Amino acid sequence: MRPLDKHDWYELCVQSPGHLVPLVRAIHGGAARVLGEDFCGTAALSIEWARAGGEAIAVDLDVGALAKHPDAPGVRKVRADVREVADAADVVSAGPPIGYLHTRRALVGICDTCARLAVGGVHLRRHLRRRESAFATGTVHRPHHPGSR
Ligand SMILES: C[S@@+](CC[C@H](N)C(=O)[O-])C[C@H]1O[C@@H](n2cnc3c(N)ncnc32)[C@H](O)[C@@H]1O
């Protein structure tokens, strides 16, 4: 068995696309076909969404994360800043990452992705609905150890 890499660990610890796809569909409430997955990392949600019959546009800056899984039918991976992607979607699921967007203005600015939405579309910002600490300003110090994966 091959050793797990950091993307495997992230998916195992943080994500559950099999649960998230029906949740996103239920929140949308309509016949959502095209998912925009902003800050997609390995695009695990997009892959599951397409497996369930939809189409997905998976956007991330990190080419290594995007390359984690082989290309999948129905998933278009885009290596870009999410703020520069205008492709229309029925639902946009964004997990804005802590530590990448350094100001409130930048964080709130990603709401501009709403312009991508089809009429009746839904924009989900996952970190902002997690808990009350999402509304507190402050700093995060996250040490990274050289050589760790
Ligand atoms: C913590 S991961 C989120 C993975 C997944 N979406 C989730 O919520 O579990 C954060 C990702 O955001 C990406 N990222 C950070 N800033 C970005 C930006 N401006 N545009 C696109 N991707 C960005 C990073 O490359 C990283 O893969």
# chains A, B, ... in the order shown; residues from 1 in each chain; ligands from 1
$ select_by_dssp --residues "range 4-68 of chain A" --states "strand (DSSP E or B)" --output "list in words"
Val34, Leu35, Gly36, Glu37, Asp38, Glu55, Ala56, Ile57, Ala58, Val59 and Asp60 of chain A
$ write_last_selection --atoms "C-alpha atoms" --output "short mmCIF file (atom, residue, chain, number, x, y, z; two decimals), in the first residue's frame"
data_model
loop_
_atom_site.label_atom_id
_atom_site.label_comp_id
_atom_site.auth_asym_id
_atom_site.auth_seq_id
_atom_site.Cartn_x
_atom_site.Cartn_y
_atom_site.Cartn_z
CA VAL A 34 -23.35 22.93 -12.88
CA LEU A 35 -21.32 23.22 -9.68
CA GLY A 36 -18.55 25.76 -9.27
CA GLU A 37 -16.15 24.52 -6.60
CA ASP A 38 -14.01 27.48 -5.57
CA GLU A 55 -20.93 18.99 -14.30
CA ALA A 56 -18.33 20.86 -12.28
CA ILE A 57 -15.80 23.65 -12.64
CA ALA A 58 -13.10 23.13 -10.02
CA VAL A 59 -10.92 26.18 -9.34
CA ASP A 60 -7.72 26.35 -7.33
#
$ residues_around --residues "Gly53 in chain A" --least-positions-apart "6" --cutoff "12 Å" --atoms "only C-alpha atoms" --output "PyMOL selection string"
chain A and resi 21+25+31-35+46-47+72-75
$ select_by_dssp --residues "range 3-141 of chain A" --states "helix (DSSP H, G or I)" --output "number ranges by chain"
A: 6-14, 17-28, 44-51, 63-66, 82-84, 104-116, 127-129, 132-135
$ write_last_selection --atoms "C-alpha atoms" --output "short mmCIF file (atom, residue, chain, number, x, y, z; two decimals), in the first residue's frame"
data_model
loop_
_atom_site.label_atom_id
_atom_site.label_comp_id
_atom_site.auth_asym_id
_atom_site.auth_seq_id
_atom_site.Cartn_x
_atom_site.Cartn_y
_atom_site.Cartn_z
CA LYS A 6 -0.97 15.44 2.65
CA HIS A 7 -3.90 15.52 0.23
CA ASP A 8 -5.05 12.06 1.33
CA TRP A 9 -4.91 13.17 4.94
CA TYR A 10 -6.77 16.38 4.19
CA GLU A 11 -9.56 14.52 2.42
CA LEU A 12 -9.81 11.93 5.18
CA CYS A 13 -9.86 14.48 7.99
CA VAL A 14 -11.81 17.39 6.53
CA PRO A 17 -18.04 14.66 -0.62
CA GLY A 18 -20.51 11.78 -0.47
CA HIS A 19 -22.42 13.67 2.22
CA LEU A 20 -21.84 17.13 0.77
CA VAL A 21 -23.29 16.49 -2.70
CA PRO A 22 -26.82 15.73 -1.45
CA LEU A 23 -26.54 18.60 1.05
CA VAL A 24 -25.61 21.09 -1.68
CA ARG A 25 -28.43 19.80 -3.88
CA ALA A 26 -30.90 20.12 -1.01
CA ILE A 27 -29.79 23.66 -0.15
CA HIS A 28 -30.10 24.68 -3.80
CA ALA A 44 -12.99 15.90 -4.47
CA LEU A 45 -16.44 17.51 -4.29
CA SER A 46 -16.47 18.21 -8.04
CA ILE A 47 -15.53 14.63 -8.82
CA GLU A 48 -18.34 13.31 -6.63
CA TRP A 49 -20.77 15.85 -8.11
CA ALA A 50 -19.95 14.67 -11.65
CA ARG A 51 -20.18 11.04 -10.60
CA VAL A 63 -1.41 22.80 -9.41
CA GLY A 64 -0.28 19.98 -7.10
CA ALA A 65 -3.67 19.75 -5.41
CA LEU A 66 -5.48 19.88 -8.75
CA VAL A 82 -11.18 32.27 -7.97
CA ARG A 83 -11.70 36.02 -8.28
CA GLU A 84 -10.77 35.81 -11.95
CA ARG A 104 -11.88 41.37 5.53
CA ARG A 105 -12.19 43.26 2.25
CA ALA A 106 -10.54 40.40 0.34
CA LEU A 107 -12.70 37.80 2.07
CA VAL A 108 -15.91 39.70 1.46
CA GLY A 109 -14.69 40.36 -2.09
CA ILE A 110 -15.08 36.73 -3.04
CA CYS A 111 -18.83 37.29 -2.83
CA ASP A 112 -18.32 38.76 -6.29
CA THR A 113 -18.37 35.14 -7.43
CA CYS A 114 -22.14 35.51 -7.03
CA ALA A 115 -22.09 37.21 -10.41
CA ARG A 116 -21.29 33.80 -11.88
CA HIS A 127 -16.16 28.59 6.56
CA LEU A 128 -18.53 31.42 7.32
CA ARG A 129 -21.29 29.15 8.48
CA GLU A 132 -19.26 32.17 15.72
CA SER A 133 -15.46 32.51 15.59
CA ALA A 134 -15.83 33.10 11.85
CA PHE A 135 -16.99 36.62 12.72
#
$ closest_atom_pairs --of "chain A" --to "ligand 1" --cutoff "6 Å" --atoms "only C-alpha atoms and all ligand atoms" --output "Markdown table"
| residue | atom | partner | partner_atom_place_in_ligand_line | distance |
| --- | --- | --- | --- | --- |
| A:Val14 | CA | ligand 1 | 9 (O) | 5.9 |
| A:Gln15 | CA | ligand 1 | 9 (O) | 5.5 |
| A:Phe39 | CA | ligand 1 | 12 (O) | 3.9 |
| A:Cys40 | CA | ligand 1 | 6 (N) | 3.9 |
| A:Gly41 | CA | ligand 1 | 27 (O) | 3.7 |
| A:Val59 | CA | ligand 1 | 21 (C) | 5.9 |
| A:Asp60 | CA | ligand 1 | 22 (N) | 3.6 |
| A:Leu61 | CA | ligand 1 | 22 (N) | 4.3 |
| A:Asp62 | CA | ligand 1 | 25 (O) | 4.3 |
| A:Ala80 | CA | ligand 1 | 21 (C) | 5.7 |
| A:Asp81 | CA | ligand 1 | 20 (N) | 3.4 |
| A:Val82 | CA | ligand 1 | 20 (N) | 4.1 |
| A:Gly95 | CA | ligand 1 | 8 (O) | 4.0 |
| A:Pro97 | CA | ligand 1 | 10 (C) | 4.6 |
| A:Tyr100 | CA | ligand 1 | 16 (N) | 5.2 |
$ residues_around --residues "His123 in chain A" --least-positions-apart "5" --cutoff "7 Å" --atoms "only C-alpha atoms" --output "MDAnalysis selection string"
chainID A and resid 91:93 114
$ atom_distance --atom1 "CA of Ala43 in chain A" --atom2 "CA of Ala67 in chain A"
9.2 Å
$ closest_residue --among "A:Ser16, A:Gly30, A:Leu124, A:Thr42" --to "Lys68 in chain A" --atoms "only C-alpha atoms"
A:Thr42
$ decode --residues "range 7-99 of chain A" --atoms "C-alpha atoms" --output "mmCIF file, in the first residue's frame"
data_model
loop_
_atom_site.group_PDB
_atom_site.id
_atom_site.type_symbol
_atom_site.label_atom_id
_atom_site.label_comp_id
_atom_site.auth_asym_id
_atom_site.auth_seq_id
_atom_site.Cartn_x
_atom_site.Cartn_y
_atom_site.Cartn_z
ATOM 1 C CA HIS A 7 -3.896 15.518 0.225
ATOM 2 C CA ASP A 8 -5.048 12.062 1.329
ATOM 3 C CA TRP A 9 -4.911 13.171 4.942
ATOM 4 C CA TYR A 10 -6.773 16.384 4.193
ATOM 5 C CA GLU A 11 -9.560 14.522 2.419
ATOM 6 C CA LEU A 12 -9.808 11.928 5.177
ATOM 7 C CA CYS A 13 -9.862 14.478 7.994
ATOM 8 C CA VAL A 14 -11.810 17.386 6.534
ATOM 9 C CA GLN A 15 -13.959 16.343 3.620
ATOM 10 C CA SER A 16 -16.925 14.106 2.980
ATOM 11 C CA PRO A 17 -18.038 14.664 -0.618
ATOM 12 C CA GLY A 18 -20.505 11.778 -0.466
ATOM 13 C CA HIS A 19 -22.425 13.669 2.223
ATOM 14 C CA LEU A 20 -21.838 17.126 0.766
ATOM 15 C CA VAL A 21 -23.286 16.489 -2.701
ATOM 16 C CA PRO A 22 -26.823 15.725 -1.447
ATOM 17 C CA LEU A 23 -26.540 18.603 1.054
ATOM 18 C CA VAL A 24 -25.607 21.094 -1.683
ATOM 19 C CA ARG A 25 -28.426 19.796 -3.875
ATOM 20 C CA ALA A 26 -30.901 20.121 -1.008
ATOM 21 C CA ILE A 27 -29.790 23.662 -0.149
ATOM 22 C CA HIS A 28 -30.105 24.678 -3.801
ATOM 23 C CA GLY A 29 -33.556 23.155 -3.847
ATOM 24 C CA GLY A 30 -33.843 23.129 -7.624
ATOM 25 C CA ALA A 31 -32.323 21.217 -10.502
ATOM 26 C CA ALA A 32 -28.729 22.343 -10.063
ATOM 27 C CA ARG A 33 -26.587 20.939 -12.855
ATOM 28 C CA VAL A 34 -23.348 22.933 -12.882
ATOM 29 C CA LEU A 35 -21.322 23.216 -9.677
ATOM 30 C CA GLY A 36 -18.555 25.764 -9.266
ATOM 31 C CA GLU A 37 -16.153 24.523 -6.603
ATOM 32 C CA ASP A 38 -14.005 27.483 -5.575
ATOM 33 C CA PHE A 39 -10.829 26.842 -3.534
ATOM 34 C CA CYS A 40 -11.374 23.226 -4.574
ATOM 35 C CA GLY A 41 -8.035 21.755 -3.485
ATOM 36 C CA THR A 42 -8.105 18.226 -4.925
ATOM 37 C CA ALA A 43 -11.558 18.797 -6.459
ATOM 38 C CA ALA A 44 -12.994 15.901 -4.466
ATOM 39 C CA LEU A 45 -16.436 17.513 -4.286
ATOM 40 C CA SER A 46 -16.469 18.214 -8.037
ATOM 41 C CA ILE A 47 -15.532 14.628 -8.823
ATOM 42 C CA GLU A 48 -18.341 13.314 -6.631
ATOM 43 C CA TRP A 49 -20.771 15.848 -8.114
ATOM 44 C CA ALA A 50 -19.955 14.672 -11.652
ATOM 45 C CA ARG A 51 -20.177 11.038 -10.599
ATOM 46 C CA ALA A 52 -23.718 11.825 -9.487
ATOM 47 C CA GLY A 53 -24.544 13.142 -12.976
ATOM 48 C CA GLY A 54 -23.668 16.851 -12.838
ATOM 49 C CA GLU A 55 -20.926 18.993 -14.302
ATOM 50 C CA ALA A 56 -18.331 20.856 -12.282
ATOM 51 C CA ILE A 57 -15.805 23.652 -12.642
ATOM 52 C CA ALA A 58 -13.101 23.129 -10.023
ATOM 53 C CA VAL A 59 -10.919 26.181 -9.343
ATOM 54 C CA ASP A 60 -7.721 26.355 -7.333
ATOM 55 C CA LEU A 61 -4.322 28.047 -7.492
ATOM 56 C CA ASP A 62 -2.403 24.936 -6.459
ATOM 57 C CA VAL A 63 -1.408 22.799 -9.407
ATOM 58 C CA GLY A 64 -0.280 19.980 -7.100
ATOM 59 C CA ALA A 65 -3.674 19.750 -5.414
ATOM 60 C CA LEU A 66 -5.481 19.879 -8.753
ATOM 61 C CA ALA A 67 -3.283 17.062 -10.072
ATOM 62 C CA LYS A 68 -4.022 14.763 -7.135
ATOM 63 C CA HIS A 69 -6.841 12.922 -8.921
ATOM 64 C CA PRO A 70 -6.912 11.950 -12.598
ATOM 65 C CA ASP A 71 -9.135 13.972 -14.895
ATOM 66 C CA ALA A 72 -12.743 12.901 -14.521
ATOM 67 C CA PRO A 73 -15.590 13.153 -17.040
ATOM 68 C CA GLY A 74 -17.738 16.190 -16.316
ATOM 69 C CA VAL A 75 -15.067 17.992 -14.275
ATOM 70 C CA ARG A 76 -13.141 20.939 -15.697
ATOM 71 C CA LYS A 77 -10.188 21.894 -13.550
ATOM 72 C CA VAL A 78 -9.097 25.512 -13.725
ATOM 73 C CA ARG A 79 -5.857 26.693 -12.227
ATOM 74 C CA ALA A 80 -6.644 30.298 -11.375
ATOM 75 C CA ASP A 81 -7.478 32.797 -8.684
ATOM 76 C CA VAL A 82 -11.181 32.274 -7.966
ATOM 77 C CA ARG A 83 -11.700 36.023 -8.283
ATOM 78 C CA GLU A 84 -10.775 35.812 -11.948
ATOM 79 C CA VAL A 85 -13.140 33.028 -12.958
ATOM 80 C CA ALA A 86 -16.450 34.044 -14.486
ATOM 81 C CA ASP A 87 -17.823 30.723 -15.731
ATOM 82 C CA ALA A 88 -21.536 30.423 -14.991
ATOM 83 C CA ALA A 89 -22.721 27.897 -12.436
ATOM 84 C CA ASP A 90 -26.005 26.944 -10.788
ATOM 85 C CA VAL A 91 -24.377 26.616 -7.399
ATOM 86 C CA VAL A 92 -21.001 27.787 -6.150
ATOM 87 C CA SER A 93 -19.495 26.060 -3.148
ATOM 88 C CA ALA A 94 -16.592 28.011 -1.730
ATOM 89 C CA GLY A 95 -14.430 26.951 1.196
ATOM 90 C CA PRO A 96 -12.495 30.194 1.619
ATOM 91 C CA PRO A 97 -9.201 29.244 3.209
ATOM 92 C CA ILE A 98 -7.943 30.834 6.399
ATOM 93 C CA GLY A 99 -4.545 32.382 5.864
#
